[in-house]
Protein chains: 2
Amino acid sequence: MTRDDCEALDRRDPLAAHRDAFALPDGVIYLDGNSLGALPRATLPRLRQVIEDEWGERLIRAWNDAGWIEAPRRVGAKIAKLIGAAPHEVVCADSTSINLFKVLAAALKLQSERPQVSMRERRLIVSERGNFPTDLYIAQGLAEWLGGRYELRLVEFNEVTAAIDESVAAVMLTHVNYRTGAKHSLTSVTYRAQQAGALAIWDLAHSVGAVPVDLNAAHVDFAVGCGYKYLNGGPGAPAFLYVADRHLKALAGERFVQPLAGWLGHRAPFDFAPDYEPARSIDRFCVGTPSILALAALECGVDTVLAAGIDALRAKSVQLTELFMRLVEERCAGFGLRLVTPRDAGYRGSQVSLAHANAWPIMQALIARGVIGDFRAPDILRFGFAPLYLRFVDVWDAVEALREVLTSGSWDQPHFHQRKAVT
Amino acid sequence: MTRDDCEALDRRDPLAAHRDAFALPDGVIYLDGNSLGALPRATLPRLRQVIEDEWGERLIRAWNDAGWIEAPRRVGAKIAKLIGAAPHEVVCADSTSINLFKVLAAALKLQSERPQVSMRERRLIVSERGNFPTDLYIAQGLAEWLGGRYELRLVEFNEVTAAIDESVAAVMLTHVNYRTGAKHSLTSVTYRAQQAGALAIWDLAHSVGAVPVDLNAAHVDFAVGCGYKYLNGGPGAPAFLYVADRHLKALAGERFVQPLAGWLGHRAPFDFAPDYEPARSIDRFCVGTPSILALAALECGVDTVLAAGIDALRAKSVQLTELFMRLVEERCAGFGLRLVTPRDAGYRGSQVSLAHANAWPIMQALIARGVIGDFRAPDILRFGFAPLYLRFVDVWDAVEALREVLTSGSWDQPHFHQRKAVT
């Protein structure tokens, strides 16, 4: 394998032209699209239109005239195509954390009203100890406020299915682990959960836009996901949530399926009635007025993914991560790197994580050379591969930079050891 | 009073030049800045900078380099200046509804841990029947999820203080009523609430940026507010919340003072620890990753208000609303309009509401003539006066348009009677 071989792969890449849809800085190989996706070229012109023509010219009328009021559903329906959901099962709203709060609350509500098949009380929420912390915090906060009725049980990645029994109310997992890149089987964990009478809640933050997800085929109960990673929606983009049609129907008669009863979840918000009567649709999971600027940027990002097609993206993602692993093995052997991400593509998302005792300064030295990945404590070098805008030659050059940093020992300079507030 | 007199008032207006800071459409008199503030000219250039230079060029590094991680606190500190709060008592986050959920939950938590001075259980949340519905819905949702421990008691505007006794846990009001424009006394209601051992929570949606508010002087416990009305932050701009310093301190040892325990409320979010340990500051009321585009637009809007100064804005607002009332009384008498807003400036915000049996078609006819106010069911014509960009001559012209619509009966055409989804 040579750099020329990588260039040849780029020439044959059916997604190569999609890179032009992004404004990428010169001199940078961006391997952190799993933290913050790159900027689509369509975003600024669209934001100019929303700001000048819609807000500036139409003012309040734009809520009707420019389709603002429909934006959470419209963008949700686009995301639905990427995750195997029906358009009416997905809506954009709030943050991933807040959406997880809503769907976890709804899942517990559903459980509390089901006839119990066992004498054991369902009081556990099972999750992975290495799950992204905000997911765990949200479950802790909700459980605490429900007065000790539920308990969060954390297990290791490979212990999840074994931990599911009839004491479990909900299994709440992130599909692809943010730190290791390891991917759970959405289908088999969901099946196992439901077999035991539990509900399955998935966080798609590190899969949506990079890994094909088929929520309906896997019979998933609830899901949430993030707009600013592989969906390229911009920093802090609105998140989304999914509720299976069967649950939307089952919950239709309930007044408070989750505690965040805001006016945009009301059956008729513009009636300004003093009593909450929820919409009988996914709208009931909306709360306050959403940022239209943020939704417009998210829509531009989602469009970049839809234009490429999720299956083609996954195929290239597997090739990119495979190439990276192979080149690291071939060219960076003997420097103490350890592969953390599963070697089998079927068990990973679109990132590769390498452990190293000096991960922090090594990553700083890489960033100084224009190769942007990130560090996750205590010892992880994390490289995300966004197939929409990464080339095979970028993978070559990134590994070459890593090899040079390790070979030269250039990472071991005082300024590379300094910690910043955020990475 | 003539149109010339209004022009003379504009020539003498010390805030006249601030109108140039806004991009206003031709042929429109915009009296709905209390629903959606107008577009500051600074917003698009600033968004271009955030999108192209920060997101596009710096990518993930902008969280450190461009101060993104500080934005919720930075913009919160600016808003603090407008509401009589210390910088560390205010943060921008989420929507008004979600922020109200957090502070109401925190207030109930505080109450539940106080030694009780009376034998009566504090189980009431007192609010106004005509409060903006989302505030009532949020209280209903939270009360329901707290298992019937609390009950929302709704009373009329003038009955609030009489309804406060030792059974009340929290008084939750909107400072200026969205429908009538009537303003509660922040100081005396807060005093009365605290005298009875209740906590005072204020929604500043219709006052921040138009009415001087001094939360610290009034010894207010908690407050929330909206970014997209008089703060000109753009459609669905992030909201803010205020927690009195004494409560931040009292809550410092508590783990879950409100249920939405997200990672940006953690003491050290980037440690990625599995257990929630809240920040001991206002940050604990942050949840998920905020939209940086939306925060940047909000900051531009807040800057327009700070540049003018809240006292000067209030002085002009009183003049504008006074002029409008006087001209309506002089020039639109005999058409069945009834003034809903208090005639005494001390008891109103920055809007004037008029009741009329045909309010809907009259408002549509006004909008067709370029005078944009809005309708609130069942019979309210609502006119908001944003002193940053409205002229006295606009008031004259708006009343003249209203007079012509009423005199000609032009409102009584079928197309003006058609209802739209959103107003």
# chains A, B, ... in the order shown; residues from 1 in each chain; ligands from 1
call {"tool": "select_by_dssp", "arguments": {"residues": "range 49-129 of chain A", "states": "strand (DSSP E or B)", "output": "PyMOL selection string"}}
result
chain A and resi 90-92+124-128
call {"tool": "interface_residues", "arguments": {"of": "chain B", "to": "chain A", "cutoff": "6 Å", "atoms": "only C-alpha atoms", "output": "PyMOL selection string"}}
result
chain B and resi 25+36+39+56-57+60+95+97+133-134+137-138+141-142+235-237+259+261-263+272+274+276+288-292
call {"tool": "write_last_selection", "arguments": {"atoms": "C-alpha atoms", "output": "short mmCIF file (atom, residue, chain, number, x, y, z; two decimals), in the first residue's frame"}}
result
data_model
loop_
_atom_site.label_atom_id
_atom_site.label_comp_id
_atom_site.auth_asym_id
_atom_site.auth_seq_id
_atom_site.Cartn_x
_atom_site.Cartn_y
_atom_site.Cartn_z
CA PRO B 25 -38.71 45.99 5.57
CA LEU B 36 -40.41 38.35 17.30
CA LEU B 39 -33.35 41.86 12.70
CA GLY B 56 -15.62 26.42 8.87
CA GLU B 57 -11.97 27.25 9.60
CA ILE B 60 -13.81 21.63 16.72
CA SER B 95 -36.13 27.40 25.83
CA SER B 97 -40.40 26.48 28.94
CA PRO B 133 -50.04 28.82 28.59
CA THR B 134 -46.65 27.13 28.30
CA TYR B 137 -48.41 23.50 31.10
CA ILE B 138 -44.88 23.15 32.47
CA GLY B 141 -46.40 18.51 33.82
CA LEU B 142 -43.98 18.84 36.71
CA PRO B 235 -36.77 33.22 15.85
CA GLY B 236 -36.62 30.68 18.66
CA ALA B 237 -33.52 32.28 20.19
CA PRO B 259 -34.14 16.67 37.07
CA ALA B 261 -28.90 16.63 34.80
CA GLY B 262 -26.99 17.05 31.55
CA TRP B 263 -23.28 17.00 30.90
CA PHE B 272 -16.40 12.14 31.17
CA PRO B 274 -19.98 8.22 34.81
CA TYR B 276 -23.25 13.24 37.84
CA GLY B 288 -26.94 19.71 26.60
CA THR B 289 -24.72 21.40 24.02
CA PRO B 290 -26.17 24.81 23.10
CA SER B 291 -26.58 26.06 19.54
CA ILE B 292 -23.67 28.40 18.94
#
call {"tool": "residues_around", "arguments": {"residues": "Ser350 in chain B", "least_positions_apart": "3", "cutoff": "9 Å", "atoms": "only C-alpha atoms", "output": "ChimeraX atom specification"}}
result
/B:34,176,181,206-207,210-211,314,317-318,320-321,383-387
call {"tool": "write_last_selection", "arguments": {"atoms": "C-alpha atoms", "output": "PDB file, in the first residue's frame"}}
result
ATOM      1  CA  ASN B  34     -43.044  41.513  21.402  1.00  0.00           C
ATOM      2  CA  VAL B 176     -46.075  41.444  31.943  1.00  0.00           C
ATOM      3  CA  GLY B 181     -49.960  43.965  28.663  1.00  0.00           C
ATOM      4  CA  HIS B 206     -42.603  40.346  27.936  1.00  0.00           C
ATOM      5  CA  SER B 207     -40.492  42.676  30.028  1.00  0.00           C
ATOM      6  CA  ALA B 210     -38.424  46.851  27.340  1.00  0.00           C
ATOM      7  CA  VAL B 211     -39.126  47.296  31.043  1.00  0.00           C
ATOM      8  CA  ARG B 314     -38.579  52.418  28.966  1.00  0.00           C
ATOM      9  CA  SER B 317     -41.837  52.917  25.393  1.00  0.00           C
ATOM     10  CA  VAL B 318     -44.108  54.773  27.810  1.00  0.00           C
ATOM     11  CA  LEU B 320     -45.105  55.431  22.434  1.00  0.00           C
ATOM     12  CA  THR B 321     -47.810  53.459  24.220  1.00  0.00           C
ATOM     13  CA  PHE B 383     -49.791  46.049  19.411  1.00  0.00           C
ATOM     14  CA  GLY B 384     -46.235  45.817  20.711  1.00  0.00           C
ATOM     15  CA  PHE B 385     -44.021  48.902  20.814  1.00  0.00           C
ATOM     16  CA  ALA B 386     -40.328  48.150  20.549  1.00  0.00           C
ATOM     17  CA  PRO B 387     -38.734  51.515  21.336  1.00  0.00           C
TER      18      PRO B 387
END
call {"tool": "residues_around", "arguments": {"residues": "Ala21 in chain B", "least_positions_apart": "3", "cutoff": "12 Å", "atoms": "only C-alpha atoms", "output": "PyMOL selection string"}}
result
chain B and resi 15-18+24+38-43+232+300-301+303-305+307-308+388-390
call {"tool": "atom_distance", "arguments": {"atom1": "CA of Arg338 in chain A", "atom2": "CA of Gly209 in chain A"}}
result
27.2 Å
call {"tool": "atom_distance", "arguments": {"atom1": "CA of Ala279 in chain A", "atom2": "CA of Leu100 in chain A"}}
result
19.3 Å
